[in-house]
file my_file_31.cif (mmCIF, N, CA and C atoms and all ligand atoms)
data_work
loop_
_atom_site.group_PDB
_atom_site.id
_atom_site.type_symbol
_atom_site.label_atom_id
_atom_site.label_comp_id
_atom_site.auth_asym_id
_atom_site.auth_seq_id
_atom_site.Cartn_x
_atom_site.Cartn_y
_atom_site.Cartn_z
ATOM 1 N N MET A 856 136.331 -19.388 42.404
ATOM 2 C CA MET A 856 136.831 -18.316 43.267
ATOM 3 C C MET A 856 136.052 -17.038 43.021
ATOM 4 N N THR A 857 135.511 -16.501 44.040
ATOM 5 C CA THR A 857 134.764 -15.251 43.900
ATOM 6 C C THR A 857 135.433 -14.138 44.690
ATOM 7 N N ARG A 858 135.457 -12.991 44.099
ATOM 8 C CA ARG A 858 136.017 -11.834 44.796
ATOM 9 C C ARG A 858 134.875 -10.956 45.283
ATOM 10 N N GLN A 859 134.898 -10.669 46.533
ATOM 11 C CA GLN A 859 133.867 -9.795 47.068
ATOM 12 C C GLN A 859 134.271 -8.343 46.884
ATOM 13 N N LEU A 860 133.352 -7.581 46.329
ATOM 14 C CA LEU A 860 133.603 -6.154 46.189
ATOM 15 C C LEU A 860 133.128 -5.447 47.454
ATOM 16 N N ASP A 861 134.018 -4.722 48.027
ATOM 17 C CA ASP A 861 133.682 -4.000 49.243
ATOM 18 C C ASP A 861 132.868 -2.758 48.886
ATOM 19 N N ALA A 862 131.630 -2.732 49.375
ATOM 20 C CA ALA A 862 130.720 -1.627 49.037
ATOM 21 C C ALA A 862 131.216 -0.294 49.573
ATOM 22 N N THR A 863 132.011 -0.356 50.616
ATOM 23 C CA THR A 863 132.475 0.895 51.212
ATOM 24 C C THR A 863 133.781 1.377 50.588
ATOM 25 N N ARG A 864 134.279 0.623 49.656
ATOM 26 C CA ARG A 864 135.592 0.937 49.116
ATOM 27 C C ARG A 864 135.652 2.324 48.469
ATOM 28 N N SER A 865 134.603 2.663 47.730
ATOM 29 C CA SER A 865 134.608 3.950 47.035
ATOM 30 C C SER A 865 134.584 5.110 48.030
ATOM 31 N N ASP A 866 134.177 4.795 49.252
ATOM 32 C CA ASP A 866 134.129 5.832 50.284
ATOM 33 C C ASP A 866 135.519 6.132 50.831
ATOM 34 N N ILE A 867 136.412 5.192 50.647
ATOM 35 C CA ILE A 867 137.776 5.358 51.161
ATOM 36 C C ILE A 867 138.660 5.867 50.033
ATOM 37 N N GLU A 868 138.708 7.169 49.908
ATOM 38 C CA GLU A 868 139.478 7.733 48.807
ATOM 39 C C GLU A 868 140.796 8.347 49.250
ATOM 40 N N LYS A 869 140.810 8.768 50.521
ATOM 41 C CA LYS A 869 142.013 9.433 51.009
ATOM 42 C C LYS A 869 142.858 8.486 51.847
ATOM 43 N N ASP A 870 142.576 7.212 51.738
ATOM 44 C CA ASP A 870 143.263 6.255 52.591
ATOM 45 C C ASP A 870 144.761 6.263 52.335
ATOM 46 N N GLY A 871 145.498 6.313 53.403
ATOM 47 C CA GLY A 871 146.938 6.235 53.275
ATOM 48 C C GLY A 871 147.608 7.527 52.867
ATOM 49 N N GLU A 872 146.858 8.595 52.911
ATOM 50 C CA GLU A 872 147.414 9.879 52.522
ATOM 51 C C GLU A 872 148.241 10.469 53.654
ATOM 52 N N ARG A 873 149.284 11.164 53.269
ATOM 53 C CA ARG A 873 150.075 11.882 54.261
ATOM 54 C C ARG A 873 149.511 13.281 54.402
ATOM 55 N N ARG A 874 149.265 13.661 55.617
ATOM 56 C CA ARG A 874 148.709 14.990 55.836
ATOM 57 C C ARG A 874 149.421 15.688 56.975
ATOM 58 N N ARG A 875 149.413 17.010 56.901
ATOM 59 C CA ARG A 875 150.006 17.787 57.976
ATOM 60 C C ARG A 875 148.879 18.410 58.799
ATOM 61 N N LEU A 876 148.960 18.193 60.078
ATOM 62 C CA LEU A 876 147.930 18.739 60.954
ATOM 63 C C LEU A 876 148.162 20.224 61.176
ATOM 64 N N ALA A 877 147.148 20.880 61.733
ATOM 65 C CA ALA A 877 147.243 22.315 61.998
ATOM 66 C C ALA A 877 148.398 22.631 62.937
ATOM 67 N N CYS A 878 148.720 21.693 63.814
ATOM 68 C CA CYS A 878 149.791 21.897 64.789
ATOM 69 C C CYS A 878 151.168 21.708 64.165
ATOM 70 N N GLY A 879 151.214 21.167 62.942
ATOM 71 C CA GLY A 879 152.493 20.991 62.263
ATOM 72 C C GLY A 879 152.949 19.548 62.168
ATOM 73 N N CYS A 880 152.337 18.673 62.948
ATOM 74 C CA CYS A 880 152.706 17.263 62.903
ATOM 75 C C CYS A 880 152.269 16.633 61.578
ATOM 76 N N GLU A 881 153.029 15.668 61.126
ATOM 77 C CA GLU A 881 152.689 14.971 59.892
ATOM 78 C C GLU A 881 152.149 13.589 60.246
ATOM 79 N N VAL A 882 151.039 13.221 59.603
ATOM 80 C CA VAL A 882 150.411 11.939 59.901
ATOM 81 C C VAL A 882 150.166 11.151 58.618
ATOM 82 N N GLN A 883 150.042 9.844 58.802
ATOM 83 C CA GLN A 883 149.623 8.957 57.720
ATOM 84 C C GLN A 883 148.190 8.573 58.037
ATOM 85 N N THR A 884 147.274 8.934 57.147
ATOM 86 C CA THR A 884 145.865 8.678 57.446
ATOM 87 C C THR A 884 145.455 7.268 57.054
ATOM 88 N N SER A 885 144.470 6.761 57.801
ATOM 89 C CA SER A 885 143.883 5.455 57.499
ATOM 90 C C SER A 885 142.524 5.404 58.176
ATOM 91 N N ARG A 886 141.857 4.280 58.045
ATOM 92 C CA ARG A 886 140.554 4.130 58.698
ATOM 93 C C ARG A 886 140.682 3.150 59.838
ATOM 94 N N ASP A 887 140.023 3.488 60.955
ATOM 95 C CA ASP A 887 140.008 2.525 62.044
ATOM 96 C C ASP A 887 138.815 1.590 61.871
ATOM 97 N N PHE A 888 138.638 0.705 62.826
ATOM 98 C CA PHE A 888 137.598 -0.331 62.676
ATOM 99 C C PHE A 888 136.190 0.242 62.724
ATOM 100 N N LEU A 889 136.058 1.500 63.146
ATOM 101 C CA LEU A 889 134.758 2.152 63.160
ATOM 102 C C LEU A 889 134.542 2.990 61.914
ATOM 103 N N GLY A 890 135.532 2.999 61.033
ATOM 104 C CA GLY A 890 135.399 3.752 59.798
ATOM 105 C C GLY A 890 135.795 5.211 59.929
ATOM 106 N N ARG A 891 136.311 5.557 61.094
ATOM 107 C CA ARG A 891 136.759 6.934 61.268
ATOM 108 C C ARG A 891 138.126 7.118 60.641
ATOM 109 N N VAL A 892 138.372 8.334 60.202
ATOM 110 C CA VAL A 892 139.691 8.630 59.669
ATOM 111 C C VAL A 892 140.613 8.929 60.841
ATOM 112 N N VAL A 893 141.670 8.161 60.900
ATOM 113 C CA VAL A 893 142.649 8.366 61.962
ATOM 114 C C VAL A 893 144.004 8.641 61.334
ATOM 115 N N GLY A 894 144.874 9.234 62.112
ATOM 116 C CA GLY A 894 146.209 9.538 61.611
ATOM 117 C C GLY A 894 147.259 8.961 62.530
ATOM 118 N N THR A 895 148.213 8.273 61.917
ATOM 119 C CA THR A 895 149.346 7.788 62.698
ATOM 120 C C THR A 895 150.441 8.848 62.613
ATOM 121 N N ILE A 896 150.865 9.333 63.749
ATOM 122 C CA ILE A 896 151.856 10.409 63.779
ATOM 123 C C ILE A 896 153.176 9.906 63.185
ATOM 124 N N LEU A 897 153.637 10.613 62.167
ATOM 125 C CA LEU A 897 154.918 10.269 61.551
ATOM 126 C C LEU A 897 156.022 11.139 62.144
ATOM 127 N N THR A 898 155.791 12.428 62.098
ATOM 128 C CA THR A 898 156.770 13.346 62.671
ATOM 129 C C THR A 898 156.053 14.350 63.559
ATOM 130 N N ARG A 899 156.652 14.641 64.654
ATOM 131 C CA ARG A 899 156.070 15.613 65.579
ATOM 132 C C ARG A 899 156.744 16.948 65.360
ATOM 133 N N ASP A 900 155.909 17.983 65.191
ATOM 134 C CA ASP A 900 156.454 19.312 64.990
ATOM 135 C C ASP A 900 156.977 19.869 66.316
ATOM 136 N N ALA A 901 158.065 20.602 66.233
ATOM 137 C CA ALA A 901 158.675 21.160 67.449
ATOM 138 C C ALA A 901 157.748 22.125 68.151
ATOM 139 N N GLU A 902 156.832 22.712 67.393
ATOM 140 C CA GLU A 902 155.909 23.696 67.961
ATOM 141 C C GLU A 902 154.674 23.047 68.568
ATOM 142 N N CYS A 903 154.499 21.758 68.345
ATOM 143 C CA CYS A 903 153.275 21.094 68.770
ATOM 144 C C CYS A 903 153.160 21.032 70.286
ATOM 145 N N GLN A 904 151.969 21.391 70.771
ATOM 146 C CA GLN A 904 151.718 21.411 72.215
ATOM 147 C C GLN A 904 150.987 20.161 72.668
ATOM 148 N N ARG A 905 150.623 19.300 71.728
ATOM 149 C CA ARG A 905 149.783 18.149 72.053
ATOM 150 C C ARG A 905 150.648 16.971 72.488
ATOM 151 N N GLY A 906 150.481 16.583 73.743
ATOM 152 C CA GLY A 906 151.288 15.504 74.290
ATOM 153 C C GLY A 906 151.065 14.169 73.606
ATOM 154 N N GLU A 907 149.845 13.975 73.060
ATOM 155 C CA GLU A 907 149.526 12.691 72.427
ATOM 156 C C GLU A 907 150.103 12.564 71.026
ATOM 157 N N HIS A 908 150.682 13.639 70.507
ATOM 158 C CA HIS A 908 151.231 13.594 69.151
ATOM 159 C C HIS A 908 152.671 13.101 69.146
ATOM 160 N N ALA A 909 152.842 11.873 69.593
ATOM 161 C CA ALA A 909 154.167 11.268 69.559
ATOM 162 C C ALA A 909 154.224 10.332 68.358
ATOM 163 N N PRO A 910 155.360 10.249 67.694
ATOM 164 C CA PRO A 910 155.487 9.356 66.530
ATOM 165 C C PRO A 910 155.022 7.941 66.858
ATOM 166 N N GLY A 911 154.163 7.423 65.992
ATOM 167 C CA GLY A 911 153.654 6.078 66.198
ATOM 168 C C GLY A 911 152.285 6.060 66.846
ATOM 169 N N ARG A 912 151.913 7.146 67.486
ATOM 170 C CA ARG A 912 150.596 7.222 68.124
ATOM 171 C C ARG A 912 149.525 7.468 67.071
ATOM 172 N N VAL A 913 148.347 6.931 67.327
ATOM 173 C CA VAL A 913 147.222 7.107 66.415
ATOM 174 C C VAL A 913 146.238 8.100 67.017
ATOM 175 N N VAL A 914 145.901 9.103 66.245
ATOM 176 C CA VAL A 914 144.950 10.107 66.712
ATOM 177 C C VAL A 914 143.775 10.185 65.743
ATOM 178 N N ILE A 915 142.624 10.568 66.275
ATOM 179 C CA ILE A 915 141.466 10.784 65.412
ATOM 180 C C ILE A 915 141.692 12.064 64.624
ATOM 181 N N MET A 916 141.524 11.971 63.314
ATOM 182 C CA MET A 916 141.729 13.151 62.495
ATOM 183 C C MET A 916 140.586 14.133 62.690
ATOM 184 N N PRO A 917 140.912 15.421 62.593
ATOM 185 C CA PRO A 917 139.847 16.417 62.646
ATOM 186 C C PRO A 917 138.849 16.154 61.534
ATOM 187 N N GLY A 918 137.617 15.993 61.916
ATOM 188 C CA GLY A 918 136.602 15.685 60.911
ATOM 189 C C GLY A 918 135.501 16.709 60.933
ATOM 190 N N ARG A 919 134.301 16.223 61.201
ATOM 191 C CA ARG A 919 133.141 17.117 61.177
ATOM 192 C C ARG A 919 133.265 18.226 62.212
ATOM 193 N N GLU A 920 133.918 17.913 63.318
ATOM 194 C CA GLU A 920 134.020 18.920 64.375
ATOM 195 C C GLU A 920 134.772 20.151 63.889
ATOM 196 N N ASN A 921 135.838 19.913 63.150
ATOM 197 C CA ASN A 921 136.684 21.026 62.727
ATOM 198 C C ASN A 921 136.349 21.531 61.336
ATOM 199 N N ALA A 922 135.684 20.733 60.544
ATOM 200 C CA ALA A 922 135.345 21.155 59.188
ATOM 201 C C ALA A 922 133.977 21.817 59.186
ATOM 202 N N ARG A 923 133.940 22.950 59.824
ATOM 203 C CA ARG A 923 132.679 23.685 59.873
ATOM 204 C C ARG A 923 132.403 24.352 58.536
ATOM 205 N N PRO A 924 131.128 24.451 58.177
ATOM 206 C CA PRO A 924 130.763 25.062 56.891
ATOM 207 C C PRO A 924 131.333 26.466 56.735
ATOM 208 N N GLU A 925 131.404 27.209 57.853
ATOM 209 C CA GLU A 925 131.898 28.587 57.757
ATOM 210 C C GLU A 925 133.381 28.662 57.465
ATOM 211 N N ASP A 926 134.078 27.524 57.616
ATOM 212 C CA ASP A 926 135.508 27.512 57.332
ATOM 213 C C ASP A 926 135.791 27.365 55.847
ATOM 214 N N ARG A 927 134.769 27.034 55.070
ATOM 215 C CA ARG A 927 134.996 26.766 53.657
ATOM 216 C C ARG A 927 134.622 27.944 52.774
HETATM 217 ZN ZN ZN B 1001 150.759 17.833 66.817
#

call {"tool": "encode", "arguments": {"input": "my_file_31.cif", "output": "structure tokens"}}
result
Amino acid sequence: MTRQLDATRSDIEKDGERRRLACGCEVQTSRDFLGRVVGTILTRDAECQRGEHAPGRVVIMPGRENARPEDR
């Protein structure tokens, strides 16, 4: 019996983390089949204006687009 070590495993460090989006919604993060970080909406914030942020829906997490160098 051989166990294959997934080379990309070390890249997945935040998998399954709970995060709160800027809009207030809480998501459970994971990776989709393309390796993107996505969030499954857990709770929708009352202030949220985003129609797609319904519990159970999967959204692409803010990544490179929102993590601009000037924000850090
Ligand atoms: Zn939201």

call {"tool": "atom_distance", "arguments": {"input": "my_file_31.cif", "atom1": "atom CA of A:Val913", "atom2": "atom C of A:Ala901"}}
result
18.4 Å

call {"tool": "closest_atom_pairs", "arguments": {"input": "my_file_31.cif", "of": "chain A", "to": "ligand ZN 1001 (chain B)", "cutoff": "5 Å", "atoms": "all atoms listed in the file", "output": "JSON lines"}}
result
{"residue": "A:Cys878", "atom": "CA", "partner": "B:ZN1001", "partner_atom": "ZN", "distance": 4.6}
{"residue": "A:Cys880", "atom": "N", "partner": "B:ZN1001", "partner_atom": "ZN", "distance": 4.3}
{"residue": "A:Cys903", "atom": "CA", "partner": "B:ZN1001", "partner_atom": "ZN", "distance": 4.6}
{"residue": "A:His908", "atom": "CA", "partner": "B:ZN1001", "partner_atom": "ZN", "distance": 4.9}

call {"tool": "residues_around", "arguments": {"input": "my_file_31.cif", "residues": "stretch 892-899 of chain A", "least_positions_apart": "6", "cutoff": "6 Å", "atoms": "only C-alpha atoms", "output": "list in words"}}
result
Cys880, Glu881, Val882, Gln883, Thr884, Ser885, Arg886, Pro910, Gly911, Arg912, Val913, Val914, Ile915 and Met916 of chain A

call {"tool": "atom_distance", "arguments": {"input": "my_file_31.cif", "atom1": "atom CA of A:Gln904", "atom2": "atom C of A:Leu876"}}
result
11.7 Å

call {"tool": "atom_distance", "arguments": {"input": "my_file_31.cif", "atom1": "atom CA of A:Ala877", "atom2": "atom C of A:Ala909"}}
result
15.3 Å
